[in-house]
file start39.txt (compact mmCIF, C-alpha atoms and all ligand atoms)
# COMPACT_ATOMS: atom_id res chain seq x y z
CA MET A 1 -6.69 18.73 -12.00
CA LYS A 2 -7.48 15.00 -11.99
CA ARG A 3 -6.64 13.73 -8.53
CA ILE A 4 -3.84 11.19 -8.12
CA ARG A 5 -4.95 7.79 -6.76
CA VAL A 6 -3.21 6.93 -3.50
CA GLY A 7 -3.13 3.95 -1.16
CA ILE A 8 -2.21 3.68 2.51
CA LEU A 9 -0.15 0.78 3.89
CA GLY A 10 -0.78 0.31 7.62
CA ALA A 11 -4.06 2.22 7.22
CA THR A 12 -5.54 1.00 10.51
CA GLY A 13 -2.74 2.27 12.79
CA ALA A 14 -2.12 5.59 14.55
CA VAL A 15 -0.31 7.12 11.58
CA GLY A 16 -2.58 5.39 9.04
CA GLN A 17 -5.61 7.11 10.57
CA ARG A 18 -3.85 10.46 10.34
CA PHE A 19 -3.23 9.78 6.66
CA ILE A 20 -6.91 9.16 6.13
CA ALA A 21 -7.90 12.33 7.97
CA LEU A 22 -5.39 14.48 6.06
CA LEU A 23 -6.05 12.93 2.63
CA THR A 24 -9.84 13.12 2.78
CA ASP A 25 -10.84 16.09 0.58
CA HIS A 26 -7.20 16.63 -0.42
CA PRO A 27 -7.17 18.71 -3.62
CA TRP A 28 -4.45 16.65 -5.34
CA PHE A 29 -4.88 13.12 -3.93
CA GLU A 30 -7.75 10.67 -3.68
CA ILE A 31 -7.72 7.59 -1.40
CA THR A 32 -8.43 4.53 -3.57
CA ALA A 33 -6.80 1.71 -1.56
CA LEU A 34 -6.30 0.77 2.08
CA ALA A 35 -4.02 -2.03 3.26
CA ALA A 36 -3.00 -3.53 6.59
CA SER A 37 -2.08 -6.90 8.12
CA GLU A 38 -3.69 -10.27 7.37
CA ARG A 39 -5.77 -9.70 10.50
CA SER A 40 -7.53 -6.76 8.80
CA ALA A 41 -7.44 -7.78 5.12
CA GLY A 42 -10.87 -8.58 3.67
CA LEU A 43 -12.78 -6.55 6.28
CA PRO A 44 -14.50 -3.20 5.72
CA TYR A 45 -12.26 -0.50 7.20
CA ARG A 46 -14.84 0.33 9.92
CA GLU A 47 -14.58 -3.26 11.21
CA ALA A 48 -10.83 -3.63 10.83
CA CYS A 49 -9.99 -0.41 12.59
CA THR A 50 -10.89 1.17 15.90
CA TRP A 51 -10.99 4.83 14.87
CA ARG A 52 -9.29 7.00 17.49
CA LEU A 53 -9.16 10.50 16.04
CA THR A 54 -11.55 13.17 17.28
CA ALA A 55 -13.50 13.73 14.04
CA ASP A 56 -15.42 10.70 12.70
CA CYS A 57 -13.92 8.36 10.12
CA PRO A 58 -14.99 9.62 6.66
CA PRO A 59 -18.02 7.49 5.58
CA ALA A 60 -16.59 6.61 2.13
CA VAL A 61 -13.41 5.28 3.75
CA ALA A 62 -15.32 3.35 6.43
CA GLU A 63 -16.88 1.14 3.76
CA MET A 64 -13.67 0.42 1.80
CA ILE A 65 -12.35 -3.14 2.01
CA VAL A 66 -8.90 -3.43 3.57
CA GLN A 67 -6.40 -5.33 1.40
CA PRO A 68 -3.09 -7.06 2.06
CA CYS A 69 0.08 -4.95 1.74
CA GLN A 70 1.19 -6.20 -1.66
CA PRO A 71 1.16 -5.14 -5.32
CA GLY A 72 -2.27 -5.11 -6.93
CA LEU A 73 -3.58 -2.07 -5.07
CA ASP A 74 -5.55 0.32 -7.27
CA CYS A 75 -3.38 3.42 -6.91
CA GLU A 76 -0.28 5.16 -8.29
CA ILE A 77 1.49 5.94 -5.03
CA VAL A 78 1.32 4.49 -1.52
CA PHE A 79 1.89 6.16 1.81
CA SER A 80 3.53 3.66 4.15
CA ALA A 81 2.73 3.63 7.88
CA LEU A 82 4.03 0.10 8.39
CA PRO A 83 6.06 -1.00 11.39
CA GLY A 84 9.79 -0.71 10.67
CA GLU A 85 10.52 -4.47 10.65
CA MET A 86 8.23 -5.32 7.75
CA ALA A 87 8.48 -2.04 5.88
CA ARG A 88 11.83 -2.89 4.27
CA GLU A 89 10.60 -5.83 2.26
CA VAL A 90 7.06 -4.62 1.54
CA GLU A 91 8.14 -1.15 0.41
CA GLU A 92 10.80 -2.62 -1.91
CA GLU A 93 8.23 -5.01 -3.38
CA MET A 94 5.81 -2.12 -4.00
CA ALA A 95 8.49 0.10 -5.58
CA ALA A 96 9.67 -2.78 -7.79
CA ALA A 97 6.06 -3.18 -8.97
CA GLY A 98 6.01 0.47 -10.08
CA TYR A 99 4.43 2.25 -7.12
CA GLY A 100 5.86 5.45 -5.68
CA VAL A 101 6.35 4.76 -1.97
CA LEU A 102 6.27 7.67 0.48
CA SER A 103 7.34 6.09 3.73
CA ASN A 104 7.20 6.98 7.41
CA ALA A 105 9.08 3.87 8.44
CA SER A 106 12.75 3.87 9.39
CA ALA A 107 13.73 0.89 7.20
CA HIS A 108 15.10 2.80 4.18
CA ARG A 109 15.85 6.23 5.65
CA MET A 110 19.61 5.79 5.71
CA ASP A 111 19.95 3.90 2.38
CA PRO A 112 22.46 5.96 0.36
CA ASP A 113 20.19 6.16 -2.71
CA VAL A 114 16.95 6.92 -0.82
CA PRO A 115 16.04 10.55 -0.14
CA LEU A 116 15.33 11.31 3.52
CA LEU A 117 13.26 14.38 2.87
CA ILE A 118 11.87 17.48 4.57
CA PRO A 119 10.68 19.67 1.68
CA GLU A 120 11.65 22.95 3.40
CA VAL A 121 15.13 21.60 4.25
CA ASN A 122 16.60 19.47 1.46
CA PRO A 123 14.35 19.42 -1.63
CA ASP A 124 17.44 18.92 -3.83
CA HIS A 125 17.92 15.42 -2.35
CA LEU A 126 15.06 14.28 -4.61
CA ARG A 127 17.75 14.08 -7.28
CA LEU A 128 18.56 10.67 -5.74
CA VAL A 129 15.27 9.26 -7.07
CA PRO A 130 16.39 8.60 -10.68
CA ILE A 131 19.67 7.18 -9.35
CA GLN A 132 17.76 4.82 -7.06
CA GLN A 133 15.50 3.76 -9.94
CA ARG A 134 18.48 3.10 -12.21
CA ARG A 135 20.49 1.19 -9.58
CA ARG A 136 17.58 -0.96 -8.46
CA GLY A 137 15.98 -1.38 -11.89
CA TRP A 138 12.66 -0.03 -10.64
CA GLY A 139 11.25 1.78 -13.68
CA LYS A 140 8.83 4.36 -12.33
CA GLY A 141 8.65 2.97 -8.75
CA PHE A 142 10.65 4.66 -5.99
CA ILE A 143 11.00 5.05 -2.21
CA VAL A 144 11.18 8.47 -0.53
CA THR A 145 11.21 8.60 3.27
CA ASP A 146 10.41 11.15 5.93
CA PRO A 147 12.39 11.35 9.16
CA ASN A 148 11.73 10.14 12.66
CA CYS A 149 9.10 12.26 14.45
CA SER A 150 11.61 13.90 16.83
CA THR A 151 14.12 14.54 14.06
CA VAL A 152 11.67 16.61 12.00
CA GLY A 153 11.18 19.42 14.53
CA LEU A 154 14.86 19.50 15.45
CA THR A 155 16.07 19.60 11.85
CA LEU A 156 13.59 22.28 10.76
CA ALA A 157 14.86 24.47 13.63
CA LEU A 158 18.54 23.74 12.91
CA LYS A 159 18.28 24.40 9.16
CA PRO A 160 18.20 28.25 9.25
CA LEU A 161 20.86 28.24 11.98
CA HIS A 162 23.11 25.94 9.99
CA ASP A 163 22.70 28.03 6.82
CA ALA A 164 23.38 31.36 8.57
CA PHE A 165 25.86 30.52 11.33
CA GLY A 166 27.01 26.88 10.94
CA VAL A 167 25.89 24.33 13.53
CA ARG A 168 28.75 22.50 15.23
CA ARG A 169 27.30 20.63 18.25
CA VAL A 170 23.80 20.02 19.62
CA ILE A 171 22.46 18.69 22.90
CA VAL A 172 18.75 17.86 22.71
CA THR A 173 16.38 16.43 25.32
CA THR A 174 13.00 15.23 24.09
CA MET A 175 9.66 14.90 25.89
CA GLN A 176 7.74 12.65 23.48
CA ALA A 177 4.01 11.99 23.38
CA LEU A 178 2.46 8.56 23.90
CA SER A 179 1.01 8.46 20.36
CA GLY A 180 4.58 8.24 19.09
CA ALA A 181 4.52 4.60 20.18
CA GLY A 182 1.46 3.80 18.01
CA TYR A 183 -1.65 2.21 19.50
CA PRO A 184 -2.02 0.93 22.23
CA GLY A 185 1.60 1.95 22.72
CA VAL A 186 2.81 2.32 26.29
CA PRO A 187 0.46 0.61 28.81
CA SER A 188 -1.47 3.15 30.93
CA LEU A 189 -0.01 1.86 34.19
CA ASP A 190 3.49 2.46 32.81
CA SER A 191 2.76 5.92 31.41
CA LEU A 192 0.37 7.70 33.80
CA ASP A 193 2.15 9.74 36.46
CA ASN A 194 5.45 8.76 34.90
CA VAL A 195 8.37 9.69 32.64
CA ILE A 196 10.23 6.87 30.90
CA PRO A 197 13.80 7.91 30.05
CA TYR A 198 14.25 5.48 27.15
CA ILE A 199 12.74 5.02 23.67
CA ARG A 200 14.30 2.15 21.78
CA GLY A 201 16.30 3.24 18.72
CA GLU A 202 15.24 6.89 19.00
CA GLU A 203 18.53 8.45 20.04
CA GLU A 204 20.43 6.66 17.28
CA LYS A 205 17.96 8.11 14.73
CA MET A 206 18.33 11.61 16.15
CA ILE A 207 22.11 11.37 15.82
CA GLN A 208 22.12 10.16 12.20
CA GLU A 209 19.05 11.58 10.46
CA PRO A 210 19.66 15.34 10.91
CA ARG A 211 23.18 14.86 9.53
CA LYS A 212 21.79 13.29 6.35
CA LEU A 213 19.00 15.88 6.05
CA LEU A 214 21.42 18.80 6.46
CA GLY A 215 24.05 17.13 4.28
CA THR A 216 24.93 17.94 0.69
CA LEU A 217 24.70 15.86 -2.43
CA ALA A 218 28.07 14.40 -3.44
CA ALA A 219 29.68 15.86 -6.59
CA ASP A 220 28.54 12.83 -8.63
CA GLY A 221 24.98 13.34 -7.24
CA GLU A 222 24.77 9.67 -6.23
CA SER A 223 24.75 10.00 -2.42
CA VAL A 224 24.57 12.51 0.44
CA LEU A 225 27.62 13.70 2.33
CA PRO A 226 26.41 14.09 5.92
CA ALA A 227 26.74 17.44 7.67
CA GLU A 228 29.52 17.43 10.25
CA ILE A 229 27.35 18.09 13.27
CA ALA A 230 27.71 16.24 16.59
CA ILE A 231 24.36 15.58 18.25
CA SER A 232 23.78 14.28 21.77
CA PRO A 233 20.11 13.36 22.26
CA ALA A 234 18.29 12.12 25.37
CA CYS A 235 14.82 10.81 24.52
CA ASN A 236 12.03 10.54 27.08
CA ARG A 237 8.43 9.30 26.87
CA VAL A 238 6.08 11.58 28.80
CA SER A 239 2.38 11.35 29.50
CA THR A 240 1.03 13.62 26.74
CA ARG A 241 -1.16 12.37 23.87
CA ASP A 242 0.30 14.19 20.84
CA GLY A 243 3.18 16.62 20.34
CA HIS A 244 6.90 16.16 20.91
CA MET A 245 8.65 18.89 22.94
CA GLU A 246 12.43 19.27 22.78
CA THR A 247 14.89 21.46 24.65
CA VAL A 248 17.89 22.24 22.46
CA SER A 249 21.35 23.73 23.11
CA VAL A 250 23.43 24.58 20.06
CA GLU A 251 27.06 25.47 19.48
CA LEU A 252 27.53 27.58 16.35
CA VAL A 253 30.59 28.30 14.22
CA HIS A 254 29.80 32.03 13.97
CA LYS A 255 28.47 33.78 17.06
CA PRO A 256 25.20 35.63 16.42
CA SER A 257 23.20 37.69 18.90
CA ILE A 258 19.92 36.25 20.17
CA ALA A 259 18.11 38.80 17.99
CA GLU A 260 19.95 37.48 14.92
CA VAL A 261 19.00 33.90 15.82
CA ILE A 262 15.32 34.87 16.11
CA GLU A 263 15.62 36.75 12.80
CA ALA A 264 16.99 33.60 11.16
CA PHE A 265 14.04 31.55 12.47
CA ARG A 266 11.52 34.18 11.38
CA HIS A 267 12.94 34.56 7.87
CA PHE A 268 12.99 30.84 7.17
CA GLU A 269 11.34 30.35 3.77
CA SER A 270 9.33 27.38 2.62
CA LEU A 271 9.86 26.17 -0.96
CA PRO A 272 6.76 23.91 -0.86
CA TYR A 273 4.67 26.89 0.29
CA LYS A 274 5.97 28.98 -2.62
CA LEU A 275 5.15 26.13 -5.00
CA GLY A 276 1.55 26.04 -3.72
CA CYS A 277 1.74 22.64 -1.97
CA PRO A 278 -1.57 22.35 -0.08
CA SER A 279 -0.03 21.03 3.17
CA ALA A 280 2.73 23.65 3.37
CA VAL A 281 2.27 26.48 5.85
CA GLU A 282 3.89 29.83 6.37
CA PRO A 283 5.49 30.48 8.74
CA THR A 284 6.89 26.99 9.12
CA LEU A 285 8.78 28.13 12.21
CA ILE A 286 6.68 30.11 14.68
CA VAL A 287 8.68 31.99 17.31
CA ARG A 288 6.72 32.70 20.50
CA GLU A 289 7.88 35.42 22.86
CA GLU A 290 5.91 34.45 25.98
CA PRO A 291 8.31 32.88 28.51
CA ASP A 292 6.08 29.83 29.02
CA ARG A 293 5.50 28.81 25.39
CA PRO A 294 5.45 26.53 23.46
CA GLN A 295 3.09 24.35 25.45
CA THR A 296 1.96 20.97 24.21
CA VAL A 297 -1.80 21.48 24.39
CA ARG A 298 -1.72 25.07 23.12
CA ASP A 299 0.81 24.83 20.31
CA ARG A 300 0.84 21.34 18.81
CA ASP A 301 -1.85 22.17 16.23
CA ALA A 302 -0.17 25.41 15.09
CA GLY A 303 -0.20 25.67 11.29
CA ARG A 304 -2.64 22.73 11.09
CA GLY A 305 -0.01 20.62 12.88
CA MET A 306 2.61 21.35 10.18
CA ALA A 307 4.43 24.24 11.88
CA VAL A 308 7.16 23.96 14.50
CA THR A 309 6.74 26.31 17.46
CA ILE A 310 9.94 27.66 19.02
CA GLY A 311 10.23 29.59 22.28
CA ARG A 312 12.56 30.62 25.08
CA VAL A 313 15.38 31.53 22.67
CA ARG A 314 18.19 32.61 24.98
CA PRO A 315 21.94 32.36 25.57
CA CYS A 316 23.31 28.97 26.63
CA GLU A 317 25.77 28.84 29.52
CA VAL A 318 27.64 25.90 27.93
CA PHE A 319 27.12 26.26 24.14
CA ASP A 320 25.92 29.45 22.35
CA ILE A 321 22.11 29.43 22.31
CA LYS A 322 19.28 27.33 23.67
CA PHE A 323 15.56 27.14 22.97
CA VAL A 324 12.47 24.92 23.26
CA LEU A 325 10.57 23.52 20.29
CA LEU A 326 7.33 21.64 19.80
CA SER A 327 6.05 19.73 16.77
CA HIS A 328 3.10 17.44 16.15
CA ASN A 329 4.43 13.89 15.94
CA THR A 330 1.70 12.20 13.89
CA ILE A 331 1.09 15.19 11.57
CA ARG A 332 4.37 17.05 10.90
CA GLY A 333 6.34 14.08 12.23
CA ALA A 334 4.57 11.41 10.19
CA ALA A 335 1.50 11.54 7.91
CA GLY A 336 1.57 15.30 7.17
CA GLY A 337 5.28 15.14 6.45
CA ALA A 338 4.91 12.26 3.98
CA ILE A 339 2.01 13.99 2.24
CA LEU A 340 4.07 17.16 1.90
CA ASN A 341 6.88 15.07 0.39
CA ALA A 342 4.43 13.73 -2.19
CA GLU A 343 3.08 17.23 -2.88
CA LEU A 344 6.60 18.52 -3.53
CA MET A 345 7.14 15.66 -5.99
CA VAL A 346 3.88 16.52 -7.76
CA ALA A 347 4.85 20.23 -7.87
CA GLN A 348 8.19 19.25 -9.40
CA GLY A 349 6.65 16.93 -11.99
CA MET A 350 7.98 13.71 -10.43
CA ILE A 351 4.51 12.26 -9.65
CA GLY A 352 1.39 12.42 -11.78
N1 LIG B 401 3.25 7.29 15.82
C1 LIG B 401 4.10 8.24 15.45
O1 LIG B 401 4.13 9.37 16.00
C2 LIG B 401 5.06 7.98 14.32
C3 LIG B 401 5.82 9.06 13.86
C4 LIG B 401 6.71 8.88 12.81
C5 LIG B 401 6.85 7.64 12.26
N2 LIG B 401 6.14 6.59 12.72
C6 LIG B 401 6.32 5.29 12.05
O2 LIG B 401 5.14 4.99 11.32
C7 LIG B 401 4.94 3.57 11.29
C8 LIG B 401 3.55 3.25 11.84
O3 LIG B 401 3.47 3.68 13.18
P1 LIG B 401 2.09 3.67 14.00
O4 LIG B 401 2.38 4.46 15.22
O5 LIG B 401 0.96 4.05 13.12
O6 LIG B 401 1.93 2.08 14.33
P2 LIG B 401 0.62 1.25 14.71
O7 LIG B 401 -0.42 2.14 15.32
O8 LIG B 401 1.11 0.09 15.50
O9 LIG B 401 0.05 0.72 13.29
C9 LIG B 401 0.70 -0.28 12.55
C10 LIG B 401 -0.01 -0.55 11.23
O10 LIG B 401 0.71 -1.53 10.49
C11 LIG B 401 -0.12 -2.66 10.21
N3 LIG B 401 0.63 -3.91 10.32
C12 LIG B 401 1.11 -4.48 11.45
N4 LIG B 401 1.71 -5.65 11.15
C13 LIG B 401 1.58 -5.82 9.82
C14 LIG B 401 1.95 -6.85 8.91
N5 LIG B 401 2.62 -7.95 9.33
N6 LIG B 401 1.67 -6.69 7.59
C15 LIG B 401 1.01 -5.60 7.16
N7 LIG B 401 0.60 -4.59 7.98
C16 LIG B 401 0.89 -4.71 9.28
C17 LIG B 401 -1.23 -2.61 11.25
O11 LIG B 401 -2.36 -3.29 10.71
P3 LIG B 401 -3.37 -4.15 11.64
O12 LIG B 401 -4.30 -3.15 12.31
O13 LIG B 401 -4.09 -4.98 10.64
O14 LIG B 401 -2.55 -4.91 12.62
C18 LIG B 401 -1.44 -1.10 11.37
O15 LIG B 401 -2.22 -0.62 10.30
C19 LIG B 401 6.09 2.96 12.10
O16 LIG B 401 7.12 2.59 11.23
C20 LIG B 401 6.52 4.11 13.00
O17 LIG B 401 7.85 3.99 13.42
C21 LIG B 401 5.23 6.73 13.73
call {"tool": "encode", "arguments": {"input": "start39.txt", "output": "structure tokens"}}
result
Amino acid sequence: MKRIRVGILGATGAVGQRFIALLTDHPWFEITALAASERSAGLPYREACTWRLTADCPPAVAEMIVQPCQPGLDCEIVFSALPGEMAREVEEEMAAAGYGVLSNASAHRMDPDVPLLIPEVNPDHLRLVPIQQRRRGWGKGFIVTDPNCSTVGLTLALKPLHDAFGVRRVIVTTMQALSGAGYPGVPSLDSLDNVIPYIRGEEEKMIQEPRKLLGTLAADGESVLPAEIAISPACNRVSTRDGHMETVSVELVHKPSIAEVIEAFRHFESLPYKLGCPSAVEPTLIVREEPDRPQTVRDRDAGRGMAVTIGRVRPCEVFDIKFVLLSHNTIRGAAGGAILNAELMVAQGMIG
């Protein structure tokens, strides 16, 4: 198969670097354009970017010239790792110019005609794409978004519970890694030996986004009716590098045993895996039985960073069940998630 040419907006940042690492040697996609701010444009990538991932920057990418984030990039689709404030305008400009935009940014996630997508959760929401194109007069351009990095793990865990038993109310406390704030993110003197009980805008996203993701398409197919789930999040920044841990208590409509809850997690099926999407993994939800797992360092890379690890599934004294989950914030929660979105669209004939 001829590989599809892709660009990366915000290529020099924390998520942009993850995109490069995950797209290098990708069987379906080939990096042909890199873009970032005016500060970086015109420079070879190796000069514009301080590479911070463990493996070296791929040599072919290191020599590419960084371009401004505007139409004219030599590619069919772009992965956007732009800061939220500027993503709205730039992503719309790119889509209007005919590019498919797969975005990590929050700007368009809650737009009624923009799919907020987790391929294992709501692949049918891609039916919003032609509606978006028609409404906005975009021809073949489009915007598809992936959720906030804490929302992804939570929603993947809630999906089989919601399908089998109905989720009514959720209390979730997050312990979020420093890389979630980009680079340099939280200053070392604020983060070392510390927990910061506030992440701007995060709790609002965790209230809204799972409801859209677990919602159903309206009868006319033109918008999503949000799931009627009440969510109370408390988001904390902790001093880990990568991997968001969350403790979750859930009230269910039907009352399963703990064994039935674990069964539901274990039998969760992945459509993108069945379709042969290269970034999909099975199992997507890994249930650990050891009482002290998941742990950030041991479990964040499970399933190449695309799986969610769940542990300590037990009765809840206030709601029905409670458990702990861990997911990789810059892979499953950002670059890997957006790439899987693009792969699903390729598998369904919507790209390429
Ligand atoms: N980090 C995570 O775990 C995570 C998870 C999910 C979603 N996200 C979202 O992903 C996006 C990127 O996050 P990040 O953590 O990678 O941020 P980051 O490390 O701060 O990187 C920001 C990128 O955007 C570019 N940029 C900044 N200002 C720009 C401008 N005016 N015009 C064009 N490009 C500009 C930067 O280029 P220069 O180097 O040239 O300045 C850099 O490439 C954000 O929307 C964030 O909310 C992040």
call {"tool": "closest_residue", "arguments": {"input": "start39.txt", "among": "A:Tyr183, A:Phe29, A:Trp51, A:Trp138", "to": "ligand LIG 401 (chain B)", "atoms": "only C-alpha atoms and all ligand atoms"}}
result
A:Tyr183
call {"tool": "atom_distance", "arguments": {"input": "start39.txt", "atom1": "CA of Thr174 (chain A)", "atom2": "CA of Val248 (chain A)"}}
result
8.7 Å
call {"tool": "closest_residue", "arguments": {"input": "start39.txt", "among": "A:Gly137, A:Gly16, A:Gly311, A:Pro233", "to": "Thr173 (chain A)", "atoms": "all atoms listed in the file"}}
result
A:Pro233
call {"tool": "closest_atom_pairs", "arguments": {"input": "start39.txt", "of": "chain A", "to": "ligand LIG 401 (chain B)", "cutoff": "6 Å", "atoms": "all atoms listed in the file", "output": "CSV"}}
result
residue,atom,partner,partner_atom,distance
A:Gly10,CA,B:LIG401,O15,3.2
A:Ala11,CA,B:LIG401,O15,4.6
A:Thr12,CA,B:LIG401,O15,3.7
A:Gly13,CA,B:LIG401,O9,3.2
A:Ala14,CA,B:LIG401,O5,3.7
A:Val15,CA,B:LIG401,O5,3.7
A:Gly16,CA,B:LIG401,O5,5.6
A:Ala36,CA,B:LIG401,N7,4.0
A:Ser37,CA,B:LIG401,C15,3.5
A:Arg39,CA,B:LIG401,O13,5.0
A:Ser40,CA,B:LIG401,O13,4.3
A:Cys69,CA,B:LIG401,C15,5.5
A:Ala81,CA,B:LIG401,C8,4.1
A:Leu82,CA,B:LIG401,O10,4.3
A:Pro83,CA,B:LIG401,O16,3.7
A:Gly84,CA,B:LIG401,O16,4.3
A:Asn104,CA,B:LIG401,O2,4.8
A:Ala105,CA,B:LIG401,O16,3.6
A:Asn148,CA,B:LIG401,C4,5.2
A:Cys149,CA,B:LIG401,C4,4.5
A:Ser179,CA,B:LIG401,N1,5.2
A:Gly180,CA,B:LIG401,O1,3.3
A:Ala181,CA,B:LIG401,N1,5.3
A:Gly182,CA,B:LIG401,O4,3.0
A:Tyr183,CA,B:LIG401,O7,4.4
A:Asn329,CA,B:LIG401,O1,4.5
A:Thr330,CA,B:LIG401,O1,4.3
A:Gly333,CA,B:LIG401,C4,5.2
A:Ala334,CA,B:LIG401,C4,4.2
call {"tool": "residues_around", "arguments": {"input": "start39.txt", "residues": "Lys212 (chain A)", "least_positions_apart": "2", "cutoff": "7 Å", "atoms": "all atoms listed in the file", "output": "list of chain:residue names"}}
result
A:Gln208, A:Glu209, A:Pro210, A:Leu214, A:Gly215, A:Val224, A:Pro226, A:Ala227
call {"tool": "closest_residue", "arguments": {"input": "start39.txt", "among": "A:Ser327, A:Asn194, A:Gln17, A:Gln132", "to": "Ser223 (chain A)", "atoms": "all atoms listed in the file"}}
result
A:Gln132
call {"tool": "atom_distance", "arguments": {"input": "start39.txt", "atom1": "CA of Ala280 (chain A)", "atom2": "CA of Met345 (chain A)"}}
result
13.1 Å
call {"tool": "closest_residue", "arguments": {"input": "start39.txt", "among": "A:Ala87, A:Ile20, A:Leu73, A:Val121", "to": "Asp56 (chain A)", "atoms": "only C-alpha atoms"}}
result
A:Ile20
call {"tool": "closest_residue", "arguments": {"input": "start39.txt", "among": "A:Arg5, A:Arg127, A:Lys274, A:Arg135", "to": "Tyr99 (chain A)", "atoms": "all atoms listed in the file"}}
result
A:Arg5
call {"tool": "atom_distance", "arguments": {"input": "start39.txt", "atom1": "CA of Ile229 (chain A)", "atom2": "CA of Val170 (chain A)"}}
result
7.5 Å
call {"tool": "residues_around", "arguments": {"input": "start39.txt", "residues": "region 302-309 of chain A", "least_positions_apart": "5", "cutoff": "10 Å", "atoms": "all atoms listed in the file", "output": "ChimeraX atom specification"}}
result
/A:152-154,156-157,243,245,279-288,293-296,324-333,336-337,340
call {"tool": "write_last_selection", "arguments": {"input": "start39.txt", "atoms": "C-alpha atoms", "output": "PDB file, in the frame of the given file"}}
result
ATOM      1  CA  VAL A 152      11.670  16.610  12.000  1.00  0.00           C
ATOM      2  CA  GLY A 153      11.180  19.420  14.530  1.00  0.00           C
ATOM      3  CA  LEU A 154      14.860  19.500  15.450  1.00  0.00           C
ATOM      4  CA  LEU A 156      13.590  22.280  10.760  1.00  0.00           C
ATOM      5  CA  ALA A 157      14.860  24.470  13.630  1.00  0.00           C
ATOM      6  CA  GLY A 243       3.180  16.620  20.340  1.00  0.00           C
ATOM      7  CA  MET A 245       8.650  18.890  22.940  1.00  0.00           C
ATOM      8  CA  SER A 279      -0.030  21.030   3.170  1.00  0.00           C
ATOM      9  CA  ALA A 280       2.730  23.650   3.370  1.00  0.00           C
ATOM     10  CA  VAL A 281       2.270  26.480   5.850  1.00  0.00           C
ATOM     11  CA  GLU A 282       3.890  29.830   6.370  1.00  0.00           C
ATOM     12  CA  PRO A 283       5.490  30.480   8.740  1.00  0.00           C
ATOM     13  CA  THR A 284       6.890  26.990   9.120  1.00  0.00           C
ATOM     14  CA  LEU A 285       8.780  28.130  12.210  1.00  0.00           C
ATOM     15  CA  ILE A 286       6.680  30.110  14.680  1.00  0.00           C
ATOM     16  CA  VAL A 287       8.680  31.990  17.310  1.00  0.00           C
ATOM     17  CA  ARG A 288       6.720  32.700  20.500  1.00  0.00           C
ATOM     18  CA  ARG A 293       5.500  28.810  25.390  1.00  0.00           C
ATOM     19  CA  PRO A 294       5.450  26.530  23.460  1.00  0.00           C
ATOM     20  CA  GLN A 295       3.090  24.350  25.450  1.00  0.00           C
ATOM     21  CA  THR A 296       1.960  20.970  24.210  1.00  0.00           C
ATOM     22  CA  VAL A 324      12.470  24.920  23.260  1.00  0.00           C
ATOM     23  CA  LEU A 325      10.570  23.520  20.290  1.00  0.00           C
ATOM     24  CA  LEU A 326       7.330  21.640  19.800  1.00  0.00           C
ATOM     25  CA  SER A 327       6.050  19.730  16.770  1.00  0.00           C
ATOM     26  CA  HIS A 328       3.100  17.440  16.150  1.00  0.00           C
ATOM     27  CA  ASN A 329       4.430  13.890  15.940  1.00  0.00           C
ATOM     28  CA  THR A 330       1.700  12.200  13.890  1.00  0.00           C
ATOM     29  CA  ILE A 331       1.090  15.190  11.570  1.00  0.00           C
ATOM     30  CA  ARG A 332       4.370  17.050  10.900  1.00  0.00           C
ATOM     31  CA  GLY A 333       6.340  14.080  12.230  1.00  0.00           C
ATOM     32  CA  GLY A 336       1.570  15.300   7.170  1.00  0.00           C
ATOM     33  CA  GLY A 337       5.280  15.140   6.450  1.00  0.00           C
ATOM     34  CA  LEU A 340       4.070  17.160   1.900  1.00  0.00           C
TER      35      LEU A 340
END
call {"tool": "closest_residue", "arguments": {"input": "start39.txt", "among": "A:Glu289, A:Glu343, A:Glu47, A:Glu251", "to": "Glu317 (chain A)", "atoms": "only C-alpha atoms"}}
result
A:Glu251
call {"tool": "residues_around", "arguments": {"input": "start39.txt", "residues": "Ile65 (chain A)", "least_positions_apart": "4", "cutoff": "8 Å", "atoms": "all atoms listed in the file", "output": "PyMOL selection string"}}
result
chain A and resi 34+41-45
call {"tool": "residues_around", "arguments": {"input": "start39.txt", "residues": "Leu275 (chain A)", "least_positions_apart": "2", "cutoff": "10 Å", "atoms": "only C-alpha atoms", "output": "short mmCIF file (atom, residue, chain, number, x, y, z; two decimals) with C-alpha atoms, keeping the file's coordinate frame"}}
result
data_model
loop_
_atom_site.label_atom_id
_atom_site.label_comp_id
_atom_site.auth_asym_id
_atom_site.auth_seq_id
_atom_site.Cartn_x
_atom_site.Cartn_y
_atom_site.Cartn_z
CA SER A 270 9.33 27.38 2.62
CA LEU A 271 9.86 26.17 -0.96
CA PRO A 272 6.76 23.91 -0.86
CA TYR A 273 4.67 26.89 0.29
CA CYS A 277 1.74 22.64 -1.97
CA PRO A 278 -1.57 22.35 -0.08
CA ALA A 280 2.73 23.65 3.37
CA GLU A 343 3.08 17.23 -2.88
CA LEU A 344 6.60 18.52 -3.53
CA ALA A 347 4.85 20.23 -7.87
CA GLN A 348 8.19 19.25 -9.40
#
call {"tool": "residues_around", "arguments": {"input": "start39.txt", "residues": "Ile4 (chain A)", "least_positions_apart": "4", "cutoff": "12 Å", "atoms": "only C-alpha atoms", "output": "list in words"}}
result
Leu23, His26, Pro27, Trp28, Phe29, Glu30, Ile31, Thr32, Ala33, Asp74, Cys75, Glu76, Ile77, Val78, Gly100, Ala342, Glu343, Val346, Ile351 and Gly352 of chain A
call {"tool": "residues_near_point", "arguments": {"input": "start39.txt", "point": "(11.1, 6.4, -5.1)", "cutoff": "9 Å", "atoms": "all atoms listed in the file", "output": "PyMOL selection string"}}
result
chain A and resi 95+99-102+114-115+126+128-130+132-133+138+140-145
